[in-house]
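Raw contents of model24.txt, compact mmCIF, C-alpha atoms and all ligand atoms:
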# COMPACT_ATOMS: atom_id res chain seq x y z
CA MET O 1 188.50 172.87 48.97
CA LEU O 2 190.02 170.10 51.10
CA ALA O 3 192.51 172.54 52.59
CA THR O 4 189.63 174.88 53.52
CA ILE O 5 187.82 172.05 55.21
CA ASP O 6 190.93 171.20 57.20
CA ARG O 7 191.34 174.81 58.28
CA VAL O 8 187.70 175.36 59.34
CA GLU O 9 187.70 172.02 61.15
CA GLY O 10 190.59 173.22 63.31
CA GLU O 11 188.83 176.51 64.05
CA MET O 12 185.48 174.91 64.81
CA MET O 13 186.99 172.29 67.06
CA ALA O 14 188.73 175.03 69.02
CA GLU O 15 185.44 176.93 69.37
CA ILE O 16 183.66 173.84 70.64
CA GLY O 17 186.43 173.12 73.09
CA SER O 18 186.26 176.59 74.61
CA THR O 19 182.45 176.94 74.94
CA PRO O 20 181.82 177.88 78.58
CA ASP O 21 178.34 176.45 79.17
CA LEU O 22 175.56 174.24 77.82
CA ALA O 23 173.40 177.11 76.51
CA ARG O 24 176.29 178.54 74.44
CA LEU O 25 177.18 175.07 73.21
CA ASP O 26 173.68 174.68 71.89
CA GLU O 27 173.89 178.06 70.10
CA LEU O 28 177.18 177.02 68.57
CA ARG O 29 175.73 173.70 67.40
CA VAL O 30 173.00 175.57 65.53
CA ALA O 31 175.50 178.12 64.16
CA LEU O 32 177.66 175.31 62.77
CA LEU O 33 175.36 172.50 61.72
CA GLY O 34 171.93 174.15 61.57
CA LYS O 35 170.01 174.74 58.31
CA LYS O 36 171.65 178.14 57.93
CA GLY O 37 174.84 177.13 59.69
CA ARG O 38 178.40 177.67 58.50
CA VAL O 39 179.03 174.06 57.54
CA THR O 40 175.78 173.89 55.60
CA ASP O 41 176.86 177.04 53.72
CA LEU O 42 180.20 175.51 52.82
CA VAL O 43 178.56 172.30 51.63
CA LYS O 44 176.62 174.35 49.09
CA GLY O 45 179.98 175.21 47.46
CA VAL O 46 180.48 171.55 46.47
CA SER O 47 178.06 171.88 43.57
CA SER O 48 180.28 174.51 41.95
CA LEU O 49 183.35 172.22 41.95
CA PRO O 50 184.46 170.33 38.87
CA PRO O 51 182.57 166.97 38.86
CA ALA O 52 185.77 164.99 39.44
CA GLU O 53 186.45 166.72 42.75
CA ARG O 54 182.94 166.52 44.10
CA PRO O 55 182.95 162.97 45.59
CA ALA O 56 186.12 163.62 47.60
CA ALA O 57 184.81 166.98 48.82
CA GLY O 58 181.42 165.49 49.71
CA GLN O 59 183.07 162.73 51.71
CA ALA O 60 185.32 165.22 53.49
CA PHE O 61 182.26 167.25 54.52
CA ASN O 62 180.54 164.15 55.85
CA GLU O 63 183.60 163.38 57.93
CA LEU O 64 183.73 166.99 59.11
CA LYS O 65 180.11 166.81 60.26
CA ARG O 66 180.70 163.54 62.06
CA SER O 67 183.73 164.80 63.91
CA LEU O 68 181.98 168.06 64.83
CA GLU O 69 179.01 166.10 66.17
CA ALA O 70 181.32 163.88 68.20
CA ALA O 71 183.16 166.91 69.59
CA LEU O 72 179.87 168.61 70.48
CA LEU O 73 178.68 165.51 72.31
CA GLU O 74 181.92 165.18 74.19
CA ARG O 75 181.84 168.84 75.22
CA ARG O 76 178.18 168.52 76.23
CA THR O 77 178.96 165.59 78.51
CA ALA O 78 181.86 167.40 80.11
CA LEU O 79 179.84 170.58 80.68
CA ALA O 80 176.86 168.66 82.10
CA GLU O 81 179.12 166.84 84.53
CA ALA O 82 180.75 170.09 85.61
CA ALA O 83 177.32 171.73 86.06
CA LEU O 84 176.12 168.84 88.22
CA GLU O 85 179.30 168.98 90.26
CA ALA O 86 178.84 172.71 90.84
CA ARG O 87 175.20 172.22 91.80
CA LEU O 88 176.02 169.48 94.26
CA LEU O 89 178.60 171.73 95.87
CA ALA O 90 176.24 174.71 96.03
CA GLU O 91 173.28 172.72 97.33
CA ARG O 92 175.23 170.78 99.90
CA ILE O 93 173.33 170.45 103.18
CA ASP O 94 174.68 169.54 106.55
CA VAL O 95 172.25 166.85 107.69
CA THR O 96 173.56 167.10 111.23
CA LEU O 97 172.16 170.62 111.59
CA PRO O 98 168.75 170.92 113.28
CA ALA O 99 165.93 171.32 110.78
CA ARG O 100 164.41 174.74 110.33
CA PRO O 101 160.68 174.75 111.03
CA ARG O 102 158.96 175.78 107.84
CA ASP O 103 155.66 177.48 107.69
CA GLY O 104 153.20 174.85 106.67
CA GLY O 105 153.35 171.52 108.50
CA ARG O 106 151.71 171.34 111.89
CA ILE O 107 151.37 168.69 114.57
CA HIS O 108 147.74 167.68 115.08
CA PRO O 109 146.37 168.54 118.54
CA VAL O 110 145.67 164.85 119.20
CA SER O 111 149.32 164.00 118.56
CA GLN O 112 150.46 166.96 120.63
CA VAL O 113 148.25 166.02 123.60
CA THR O 114 149.27 162.36 123.31
CA ASP O 115 152.91 163.48 123.50
CA GLU O 116 152.12 165.74 126.45
CA LEU O 117 150.36 163.11 128.52
CA THR O 118 152.97 160.51 127.61
CA ALA O 119 155.68 162.87 128.88
CA ILE O 120 153.83 163.35 132.18
CA PHE O 121 153.13 159.67 132.81
CA ALA O 122 156.63 158.68 131.66
CA ASP O 123 157.98 160.95 134.41
CA MET O 124 155.84 159.00 136.87
CA GLY O 125 157.39 155.73 135.69
CA PHE O 126 154.69 154.54 133.29
CA MET O 127 155.52 152.83 130.02
CA VAL O 128 153.42 152.95 126.86
CA ALA O 129 151.59 149.80 125.78
CA GLU O 130 149.75 149.18 122.53
CA GLY O 131 147.11 146.89 121.13
CA PRO O 132 145.15 146.35 117.91
CA ASP O 133 142.14 148.43 116.81
CA ILE O 134 140.36 145.29 115.61
CA GLU O 135 139.47 143.19 118.61
CA ASN O 136 137.38 140.28 119.70
CA ASP O 137 134.63 140.05 122.30
CA PHE O 138 136.96 138.55 124.87
CA HIS O 139 139.41 141.47 125.10
CA ASN O 140 136.79 144.19 124.64
CA PHE O 141 134.09 142.81 126.96
CA THR O 142 134.32 139.37 128.53
CA ALA O 143 137.71 139.69 130.21
CA LEU O 144 136.64 143.12 131.45
CA ASN O 145 133.76 141.59 133.38
CA PHE O 146 130.94 142.77 131.12
CA PRO O 147 127.91 140.56 131.82
CA PRO O 148 126.55 138.86 128.67
CA SER O 149 123.56 141.22 128.51
CA HIS O 150 125.48 144.48 129.09
CA PRO O 151 124.03 147.25 126.84
CA ALA O 152 127.50 148.27 125.60
CA ARG O 153 127.65 145.04 123.62
CA GLU O 154 124.64 145.99 121.59
CA MET O 155 124.79 146.99 117.97
CA HIS O 156 124.15 150.68 118.46
CA ASP O 157 127.40 151.22 120.35
CA THR O 158 129.80 148.76 118.86
CA PHE O 159 130.95 148.45 115.27
CA PHE O 160 130.85 144.73 114.61
CA LEU O 161 132.91 143.35 111.74
CA GLU O 162 132.46 140.29 109.61
CA ALA O 163 133.46 137.18 111.52
CA ARG O 164 136.82 135.61 110.78
CA GLN O 165 137.02 132.40 108.78
CA ASP O 166 137.21 130.35 111.94
CA GLY O 167 133.91 131.93 113.02
CA GLU O 168 135.35 134.27 115.68
CA PRO O 169 133.31 137.51 115.67
CA LEU O 170 135.38 140.69 115.44
CA LEU O 171 134.71 144.31 116.34
CA LEU O 172 136.41 147.71 116.49
CA ARG O 173 137.50 148.27 120.07
CA THR O 174 135.10 150.57 121.90
CA HIS O 175 137.70 151.54 124.49
CA THR O 176 141.42 151.20 125.18
CA SER O 177 140.70 149.01 128.23
CA THR O 178 141.39 146.07 125.86
CA ILE O 179 145.07 146.91 126.21
CA GLN O 180 144.92 146.31 129.99
CA VAL O 181 143.83 142.78 129.26
CA ARG O 182 146.40 142.18 126.54
CA HIS O 183 149.23 143.68 128.56
CA MET O 184 148.44 141.66 131.69
CA MET O 185 148.14 138.43 129.73
CA ALA O 186 151.46 138.96 127.95
CA ASN O 187 153.56 140.25 130.86
CA LYS O 188 154.28 139.51 134.48
CA PRO O 189 153.16 141.94 137.21
CA PRO O 190 153.78 144.57 138.53
CA TYR O 191 152.36 146.82 135.79
CA ARG O 192 152.47 150.54 135.29
CA ILE O 193 151.29 151.39 131.78
CA ILE O 194 149.40 153.92 129.77
CA ALA O 195 147.87 152.96 126.45
CA PRO O 196 146.82 155.77 124.14
CA GLY O 197 144.98 154.80 120.97
CA ARG O 198 142.04 155.02 118.61
CA THR O 199 138.63 153.83 119.73
CA TYR O 200 135.34 153.44 117.86
CA ARG O 201 131.69 153.86 118.68
CA CYS O 202 128.66 154.33 116.51
CA ASP O 203 128.01 157.92 117.58
CA SER O 204 128.25 161.35 115.95
CA ASP O 205 127.58 164.94 117.06
CA ALA O 206 129.59 168.07 118.05
CA THR O 207 131.42 166.21 120.82
CA HIS O 208 131.30 162.62 119.50
CA THR O 209 132.86 161.15 116.39
CA PRO O 210 132.69 157.48 115.33
CA MET O 211 136.47 157.28 115.78
CA PHE O 212 138.02 159.03 118.76
CA HIS O 213 141.03 158.66 121.06
CA GLN O 214 141.40 157.40 124.58
CA VAL O 215 144.24 156.78 126.95
CA GLU O 216 144.04 153.92 129.36
CA GLY O 217 146.10 153.70 132.53
CA LEU O 218 146.84 150.64 134.62
CA VAL O 219 148.85 150.21 137.81
CA ILE O 220 148.95 146.78 139.42
CA ASP O 221 151.15 145.98 142.37
CA ARG O 222 150.77 144.26 145.73
CA ARG O 223 149.65 147.23 147.75
CA THR O 224 148.50 149.89 145.29
CA HIS O 225 145.31 151.48 146.62
CA MET O 226 142.74 154.18 145.99
CA GLY O 227 145.00 156.81 147.60
CA HIS O 228 147.62 156.14 144.92
CA LEU O 229 144.93 156.47 142.26
CA LYS O 230 143.86 159.86 143.56
CA GLY O 231 147.39 161.18 143.98
CA CYS O 232 148.46 160.02 140.54
CA LEU O 233 145.48 161.50 138.74
CA ILE O 234 145.51 164.81 140.62
CA ASP O 235 149.22 165.16 139.82
CA PHE O 236 148.40 164.37 136.21
CA VAL O 237 145.67 166.98 135.71
CA ARG O 238 147.81 169.67 137.36
CA ALA O 239 150.77 168.85 135.13
CA TYR O 240 148.60 168.57 132.05
CA PHE O 241 146.67 171.82 132.50
CA GLU O 242 149.87 173.47 133.75
CA ARG O 243 148.22 174.84 136.91
CA ASP O 244 149.09 173.78 140.45
CA ASP O 245 145.80 174.99 141.90
CA ILE O 246 143.40 172.64 140.14
CA THR O 247 140.84 171.14 142.50
CA ALA O 248 139.43 167.66 142.02
CA ARG O 249 136.73 165.40 143.37
CA PHE O 250 135.96 161.71 142.91
CA ARG O 251 132.31 160.72 142.50
CA PRO O 252 131.15 157.12 142.92
CA SER O 253 130.31 155.56 139.57
CA PHE O 254 130.02 152.20 137.87
CA PHE O 255 132.21 150.33 135.41
CA PRO O 256 132.09 146.55 135.10
CA PHE O 257 135.88 146.31 135.27
CA THR O 258 136.49 148.32 138.45
CA GLU O 259 135.27 148.09 142.03
CA PRO O 260 134.93 150.60 143.52
CA SER O 261 134.54 152.84 140.45
CA ALA O 262 134.70 156.60 140.31
CA GLU O 263 134.50 159.53 137.98
CA MET O 264 136.96 162.33 138.46
CA ASP O 265 135.78 165.93 138.18
CA ILE O 266 138.01 168.98 138.13
CA GLY O 267 137.10 172.48 139.26
CA CYS O 268 136.24 174.92 136.52
CA ARG O 269 134.39 178.08 135.61
CA ARG O 270 131.78 177.65 132.94
CA THR O 271 130.47 180.54 130.87
CA LYS O 272 128.32 180.46 127.76
CA GLU O 273 131.37 180.62 125.52
CA GLU O 274 134.04 178.73 127.36
CA ILE O 275 135.17 176.47 130.17
CA VAL O 276 138.16 177.69 132.22
CA VAL O 277 139.84 174.88 134.12
CA GLY O 278 141.23 175.63 137.58
CA GLU O 279 138.92 178.54 138.43
CA GLY O 280 135.37 178.99 139.63
CA THR O 281 132.98 176.70 141.43
CA ASP O 282 131.68 174.40 138.69
CA TRP O 283 132.77 170.80 138.14
CA LEU O 284 133.75 169.11 134.93
CA GLU O 285 133.96 165.36 134.44
CA ILE O 286 137.35 164.41 133.10
CA LEU O 287 137.83 160.64 133.36
CA GLY O 288 136.64 157.30 134.68
CA CYS O 289 138.69 155.24 137.11
CA GLY O 290 138.62 152.67 139.88
CA MET O 291 140.29 149.70 141.51
CA VAL O 292 140.66 146.85 139.02
CA HIS O 293 137.87 144.30 139.59
CA PRO O 294 139.01 140.93 140.96
CA ASN O 295 137.19 139.24 138.07
CA VAL O 296 139.42 141.09 135.58
CA LEU O 297 142.53 139.94 137.44
CA ARG O 298 141.21 136.37 137.42
CA ALA O 299 140.42 136.58 133.69
CA VAL O 300 144.07 137.37 132.91
CA GLY O 301 145.37 134.71 135.28
CA LEU O 302 146.33 136.80 138.32
CA ASP O 303 145.42 135.99 141.90
CA PRO O 304 143.39 138.90 143.34
CA ALA O 305 144.53 137.93 146.82
CA GLU O 306 148.07 138.76 145.72
CA TRP O 307 147.71 141.57 143.19
CA GLN O 308 145.65 144.75 143.17
CA GLY O 309 145.70 148.18 141.63
CA PHE O 310 143.88 150.87 139.75
CA ALA O 311 142.91 151.76 136.21
CA PHE O 312 141.63 154.83 134.47
CA GLY O 313 140.37 155.85 131.05
CA MET O 314 140.28 159.31 129.56
CA GLY O 315 139.23 160.85 126.25
CA ILE O 316 142.28 162.40 124.57
CA ASP O 317 140.26 164.51 122.12
CA ARG O 318 138.18 165.80 124.98
CA ILE O 319 141.11 166.93 127.12
CA ALA O 320 142.66 168.46 123.98
CA MET O 321 139.46 170.47 123.39
CA LEU O 322 139.48 171.62 127.02
CA LYS O 323 143.10 172.68 127.14
CA TYR O 324 143.28 174.35 123.76
CA GLY O 325 139.78 175.80 123.60
CA MET O 326 138.40 173.91 120.63
CA PRO O 327 134.61 173.90 120.72
CA ASP O 328 133.81 171.23 118.13
CA LEU O 329 135.28 167.74 117.77
CA ARG O 330 134.27 167.10 114.18
CA PRO O 331 136.93 169.27 112.47
CA PHE O 332 139.59 167.19 114.27
CA PHE O 333 139.13 164.55 111.62
CA ASP O 334 138.28 166.68 108.55
CA ALA O 335 141.92 167.07 107.44
CA ASP O 336 141.25 170.79 106.93
CA LEU O 337 144.60 172.57 106.54
CA ALA O 338 143.26 175.95 107.70
CA TRP O 339 141.99 174.36 110.92
CA LEU O 340 145.25 172.51 111.43
CA HIS O 341 147.23 175.67 110.85
CA HIS O 342 145.18 177.46 113.46
CA TYR O 343 145.06 174.76 116.14
CA GLY O 344 148.15 172.72 115.25
CA PHE O 345 151.59 172.86 116.83
CA VAL O 346 155.01 173.66 115.42
CA PRO O 347 156.78 170.34 114.75
CA LEU O 348 159.96 170.85 116.73
CA ASP O 349 158.38 172.00 119.99
CA LEU O 350 158.36 168.58 121.57
CA PRO O 351 156.50 168.65 124.87
CA THR O 352 158.56 167.66 127.89
CA THR O 353 157.79 168.22 131.53
CA PHE O 354 161.07 170.07 132.06
CA SER O 355 160.91 172.45 129.08
CA GLY O 356 157.19 173.08 129.41
CA LEU O 357 154.40 171.13 127.76
CA SER O 358 152.67 173.67 125.57
CA ARG O 359 154.89 176.75 126.09
N1 LIG C 1 136.70 152.11 129.34
C1 LIG C 1 135.92 153.22 129.85
C2 LIG C 1 135.15 153.87 128.73
O1 LIG C 1 135.49 153.69 127.61
C3 LIG C 1 136.79 154.24 130.50
C4 LIG C 1 137.37 153.74 131.77
C5 LIG C 1 136.73 153.94 132.96
C6 LIG C 1 138.57 153.05 131.77
C7 LIG C 1 137.24 153.50 134.15
C8 LIG C 1 139.09 152.56 132.98
C9 LIG C 1 138.41 152.80 134.16
O2 LIG C 1 140.23 151.90 133.03
O3 LIG C 1 138.93 152.36 135.33
O4 LIG C 1 134.22 154.57 128.97

Serialized structure, structure tokens:
Amino acid sequence: MLATIDRVEGEMMAEIGSTPDLARLDELRVALLGKKGRVTDLVKGVSSLPPAERPAAGQAFNELKRSLEAALLERRTALAEAALEARLLAERIDVTLPARPRDGGRIHPVSQVTDELTAIFADMGFMVAEGPDIENDFHNFTALNFPPSHPAREMHDTFFLEARQDGEPLLLRTHTSTIQVRHMMANKPPYRIIAPGRTYRCDSDATHTPMFHQVEGLVIDRRTHMGHLKGCLIDFVRAYFERDDITARFRPSFFPFTEPSAEMDIGCRRTKEEIVVGEGTDWLEILGCGMVHPNVLRAVGLDPAEWQGFAFGMGIDRIAMLKYGMPDLRPFFDADLAWLHHYGFVPLDLPTTFSGLSR
């Protein structure tokens, strides 16, 4: 009996050692040690031995099982390591290769348009400035020359937040003009910035959402004048709408933080279904602008006798709707994948003024 055990142990060990993969190893484990396995069969023979030989045979079988189990485990570990090694080799990726655009992810039109207008203004020498969404009265109103009783301060426009512990009342900024104030207070002139960002007003219909996006522009220098404002903004709309023939006009308007103030209209053709920019005889309001009010310059510590310049503010969602023909603003913020797939942009087509903005 003991000689048989020795012989089968040699055979079984050889079988384990030559198993090519994990699945076969598992089959072999069952074939050897399972309920109907070969070792189990042999163990049954112990009962037919003379009683004196049984303990030795039983012990030998236990040792056989232990060494088979150890050999199986060792082989399993080796095979698993080899499998992992092979997989790592097969799935190796070259991270220096450009990514392949996959069907699925899309860039939101607001991000796309923000990238587009940033590319245009960057070419004109503007830098991007930022500021917080949660603001105080000073940055949102007072420093921008809003009189204490100005209607924009009232509850129906502004989302007011709970006051801070020190009693300072807070609000969600109603425009990105706050960033003019912050940028001028934190930096020395001259300035040439744009500031895209989220803005908030208590308003909701097809073209208004409580959260929307604006881009603010500010140029302050010693001699910057209204002619620079007009040239800069006309250049911008032509670059943005990718048409050199866009006409523009500046209508007198009012903003507390500019004097004189204007609204810029661009030429368009309006039909029942759509608005085509750059054609026709209709006008479309596109942004507010003006020469920065001396009171604003004073509020941030600049001498208006020394410094002057212009500012403008534009709705990003609105110019996105105009350029890409989206009739309703509300789905912009519904996180609807079908909408995003339809109106979104392929991730790797970064807009630049030299390669084309929207292609
Ligand atoms: N802050 C204005 C608004 O939210 C937009 C605006 C108009 C910004 C004229 C300006 C400006 O900088 O000069 O309606």

For His228 of chain O, find every residue with an atom within 10 Å (counting only C-alpha atoms), except residues of its own chain fewer than 6 positions away, and show them as a list of chain:residue names. O:Val219, O:Ile234, O:Gly309, O:Phe310

Could you list, as JSON, numbers by chain, every residue within 9 Å of Pro210 of chain O, counting all atoms listed in the file and ignoring same-chain residues fewer than 6 positions away? {"O": [199, 200, 201, 202, 203, 204]}

Could you report the residues within 7 Å of ligand LIG 1 (chain C), using all atoms listed in the file, as a list in words? Thr174, His175, Thr176, Ser177, Glu216, Gly217, Leu218, Phe255, Phe257, Thr258, Ser261, Leu287, Gly288, Cys289, Gly290, Met291, Val292, Phe310, Ala311, Phe312, Gly313 and Met314 of chain O

Near-Val296 of chain O list (10 Å; all atoms listed in the file; drop same-chain fewer than 3 positions) as a compact mmCIF listing (two decimals) with C-alpha atoms, in the coordinates of the input:
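Generated output (out36.txt):
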# COMPACT_ATOMS: atom_id res chain seq x y z
CA THR O 142 134.32 139.37 128.53
CA ALA O 143 137.71 139.69 130.21
CA LEU O 144 136.64 143.12 131.45
CA ASN O 145 133.76 141.59 133.38
CA PHE O 146 130.94 142.77 131.12
CA GLN O 180 144.92 146.31 129.99
CA VAL O 181 143.83 142.78 129.26
CA MET O 184 148.44 141.66 131.69
CA PRO O 256 132.09 146.55 135.10
CA PHE O 257 135.88 146.31 135.27
CA THR O 258 136.49 148.32 138.45
CA VAL O 292 140.66 146.85 139.02
CA HIS O 293 137.87 144.30 139.59
CA ALA O 299 140.42 136.58 133.69
CA VAL O 300 144.07 137.37 132.91
CA GLY O 301 145.37 134.71 135.28
CA LEU O 302 146.33 136.80 138.32
CA PRO O 304 143.39 138.90 143.34

Would you pick out the contacts of Arg198 of chain O at 8 Å or less, using only C-alpha atoms, so that residues sharing its chain but fewer than 4 positions from it are not included, and give the list as a list of chain:residue names?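 After dropping sequence-adjacent residues, the list is O:Asp133, O:Thr176, O:Met211, O:Phe212, O:His213, O:Gln214.
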
Proximity to Arg54 of chain O - best of O:Asp317, O:Phe126, O:Met1, O:Asp6, all atoms listed in the file: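 So, comparing all the options, the nearest one is O:Met1.
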
With a distance cut-off of 7 Å and all atoms listed in the file, select the neighbouring residues of segment 110-124 of chain O, excluding the residue or stretch itself and same-chain residues fewer than 5 positions from it, and output the selection as a ChimeraX atom specification. /O:236,239-240,316-317,320,351-353,357

Gap from atom CA of Lys188 of chain O to atom CA of Pro132 of chain O - Å, one decimal: 20.1 Å

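Atom CA of Ile179 of chain O sits 19.2 Å away from atom CA of Leu233 of chain O.
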
Record the distance separating atom CA of Gly105 of chain O and atom CA of Ala335 of chain O, expressed in Å with one decimal. 12.3 Å

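Of the listed residues O:Arg251, O:Lys323, O:Arg66, O:Arg298, the one whose atoms come nearest to Gly278 of chain O is O:Lys323, with distances taken using all atoms listed in the file.
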
Taking only C-alpha atoms into account, name the residue in O:Val346, O:Ala99, O:Ala206, O:Ala262 that is nearest to Met226 of chain O. O:Ala262

Return as AutoDock Vina command-line options the centre and edge lengths, in Å with one decimal, of the box along x, y and z that encloses every atom of segment 39-51 of chain O in the file, padded by 6 Å per side.
--center_x 180.1 --center_y 172.0 --center_z 48.2 --size_x 20.7 --size_y 22.1 --size_z 30.7

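You can rank O:Ala70, O:Leu2, O:Leu79, O:Leu170 by their closest distance to Leu49 of chain O using all atoms listed in the file, and at the top of that list sits O:Leu2.
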
Considering all atoms listed in the file, state which residue in the set O:Leu28, O:Leu350, O:Leu84, O:Ala3 is at the smallest distance from Ala57 of chain O.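 For Ala57 of chain O, the nearest of the given residues is O:Ala3.
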